[in-house]
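Q: Here you go, one structure.
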Amino acid sequence: MTKENLEIILSKYPVNKKDGLLPILQEIQNEQGYLTDELLAAVGKYLNLPANKVYGVATFYDQFRFHPQGLYHIRICRGTACHLFGTSTYLDELEKQLKVKAGTTSKDRKFSIEIANCLGACESAPILHINESFYTHVTPADLDRIIHTLKEKTE
Ligand code: FES
């Protein structure tokens, strides 16, 4: 993100008003895709908040990311309903097969995995969300097919 783009976002919010923190962080993430230490520091300076406070808020909310997303960004639901269907095992399989740990992006930037607490469609559990697509009632066989397709698309 350029300095000018950051200034455009910040200028929409009053200086030194901490109420702007969440919307500013959301706008930065919408624009850049993730947050960096430098951006958090700049936001803190603008709002007159200590860097550790800004960092604490940013890390508290699941919605914020601290690394660029992969070409395929996989959100796996670990809410109660999905968890009961064994999404922990699904996560293990995704991490193993795609060689990327949850909360990170693979070195080749092909895949990133994010754990979600609930994707808001528990009646369709277990759920995966990959880029713009939702996969519902995912069975282990479905997961195999999904992983296979993702690998094929990125070879
Ligand atoms: S627990 Fe997975 S969608 Fe709600």
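To be explicit about the labels: the chains of the structure tokens are called A, B, and onward in the order shown, and within each one the residues are counted from 1, while ligands get numbers from 1 in the order they are shown.
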Counting only C-alpha atoms and all ligand atoms, what are the residues, protein, DNA or RNA alike, that approach ligand 1 to within 8 Å? I want them as a list in words.
A: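 What falls inside 8 Å of ligand 1 is Cys77, Arg78, Gly79, Thr80, Ala81, Cys82, His83, Ala116, Asn117, Cys118, Leu119, Gly120, Ala121, Cys122, Glu123, Ser124, Ala125, Pro126 and Ile127 of chain A.
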Q: Residues near region 89-102 of chain A, anyone? I mean within 12 Å using only C-alpha atoms, not counting same-chain ones fewer than 5 positions away, as an MDAnalysis selection string.
A: chainID A and resid 65 67 69:70 72:78 82:84 107:116 126:128 138:152 154:155
Q: Please compute the CA of Asn30 (chain A)-CA of Val43 (chain A) distance, one decimal, in Å.
A: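 It comes out at 15.1 Å.
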Q: Taking only C-alpha atoms into account, name the residue in A:Thr136, A:Gln32, A:Ile24, A:Tyr13 that is nearest to Met1 (chain A).
A: A:Gln32
Q: For CA of Ile28 (chain A) and CA of Ala58 (chain A), determine how far apart the two atoms are, in Å to one decimal place.
A: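 Answer for the CA of Ile28 (chain A) to CA of Ala58 (chain A) separation: 11.6 Å.
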Q: Between CA of Asn5 (chain A) and CA of Pro50 (chain A), what is the distance in Å, rounded to a tenth?
A: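 Rounded to one decimal, the two atoms are 22.2 Å apart.
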Q: Just want the 12 Å neighbourhood of Val57 (chain A), counted on only C-alpha atoms, with same-chain residues fewer than 2 positions away dropped. Output as a VMD selection string.
A: chain A and resid 18 to 19 21 to 26 40 43 to 44 49 to 55 59 to 64
Q: Output the selection as a short mmCIF file (atom, residue, chain, number, x, y, z; two decimals), in the first residue's frame - C-alpha atoms for each residue.
A:
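New file part09.cif:
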data_model
loop_
_atom_site.label_atom_id
_atom_site.label_comp_id
_atom_site.auth_asym_id
_atom_site.auth_seq_id
_atom_site.Cartn_x
_atom_site.Cartn_y
_atom_site.Cartn_z
CA LYS A 18 -9.87 5.51 18.77
CA ASP A 19 -13.37 4.69 17.44
CA LEU A 21 -9.46 1.86 14.72
CA LEU A 22 -11.57 -1.07 13.52
CA PRO A 23 -12.94 0.58 10.37
CA ILE A 24 -9.47 1.84 9.44
CA LEU A 25 -7.97 -1.64 9.84
CA GLN A 26 -10.83 -3.09 7.77
CA LEU A 40 -0.37 -0.86 12.38
CA VAL A 43 -2.55 3.77 12.37
CA GLY A 44 -1.52 3.94 16.03
CA LEU A 49 -2.80 4.81 20.38
CA PRO A 50 0.17 2.73 21.54
CA ALA A 51 1.37 0.20 18.96
CA ASN A 52 0.70 -2.72 21.33
CA LYS A 53 -2.93 -1.62 21.70
CA VAL A 54 -3.41 -1.51 17.91
CA TYR A 55 -1.68 -4.86 17.52
CA THR A 59 -4.91 -9.92 16.56
CA PHE A 60 -8.08 -10.25 18.66
CA TYR A 61 -10.36 -10.34 15.63
CA ASP A 62 -10.34 -13.37 13.30
CA GLN A 63 -11.06 -11.18 10.30
CA PHE A 64 -7.59 -9.64 10.18
#
Q: Among chain A, which ones does DSSP place in strand (DSSP E), written as a PyMOL selection string?
A: chain A and resi 72-77+111-116+128-130+133-135
Q: Check the smallest atom-to-atom distance from each of A:Leu47, A:Ser106, A:Tyr135, A:Ala41 to Ser11 (chain A) using only C-alpha atoms, then report the winner.
A: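 Selected residue with least distance to Ser11 (chain A): A:Leu47.
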Q: List every residue of region 97-146 of chain A that DSSP, applied to the backbone of this structure, assigns to helix (DSSP H, G or I), and report them as a JSON list (two decimals) with N, CA and C atoms, in the first residue's frame.
A:
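The resulting file, result13.json, is reproduced below:
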[["chain", "number", "residue", "atom", "x", "y", "z"],
["A", 97, "GLN", "N", -1.35, -32.14, 2.68],
["A", 97, "GLN", "CA", -1.38, -32.27, 1.22],
["A", 97, "GLN", "C", -0.92, -31.00, 0.49],
["A", 98, "LEU", "N", -1.27, -29.85, 1.06],
["A", 98, "LEU", "CA", -0.94, -28.59, 0.37],
["A", 98, "LEU", "C", 0.33, -27.95, 0.92],
["A", 122, "CYS", "N", -24.33, -23.28, 9.68],
["A", 122, "CYS", "CA", -24.10, -24.52, 10.44],
["A", 122, "CYS", "C", -24.95, -25.69, 9.93],
["A", 123, "GLU", "N", -26.14, -25.37, 9.39],
["A", 123, "GLU", "CA", -27.00, -26.46, 8.89],
["A", 123, "GLU", "C", -26.37, -27.17, 7.70],
["A", 124, "SER", "N", -25.36, -26.57, 7.10],
["A", 124, "SER", "CA", -24.69, -27.19, 5.95],
["A", 124, "SER", "C", -23.31, -27.73, 6.31],
["A", 140, "PRO", "N", -15.23, -36.72, 3.50],
["A", 140, "PRO", "CA", -13.80, -36.97, 3.26],
["A", 140, "PRO", "C", -13.50, -37.19, 1.77],
["A", 141, "ALA", "N", -14.42, -37.85, 1.07],
["A", 141, "ALA", "CA", -14.20, -38.05, -0.38],
["A", 141, "ALA", "C", -14.24, -36.71, -1.12],
["A", 142, "ASP", "N", -15.16, -35.84, -0.73],
["A", 142, "ASP", "CA", -15.20, -34.49, -1.33],
["A", 142, "ASP", "C", -13.89, -33.76, -1.09],
["A", 143, "LEU", "N", -13.40, -33.87, 0.14],
["A", 143, "LEU", "CA", -12.15, -33.17, 0.47],
["A", 143, "LEU", "C", -11.01, -33.67, -0.42],
["A", 144, "ASP", "N", -10.94, -34.97, -0.60],
["A", 144, "ASP", "CA", -9.90, -35.53, -1.50],
["A", 144, "ASP", "C", -10.01, -34.93, -2.89],
["A", 145, "ARG", "N", -11.25, -34.86, -3.39],
["A", 145, "ARG", "CA", -11.46, -34.30, -4.74],
["A", 145, "ARG", "C", -11.05, -32.82, -4.79],
["A", 146, "ILE", "N", -11.43, -32.09, -3.76],
["A", 146, "ILE", "CA", -11.11, -30.65, -3.72],
["A", 146, "ILE", "C", -9.59, -30.46, -3.72]]
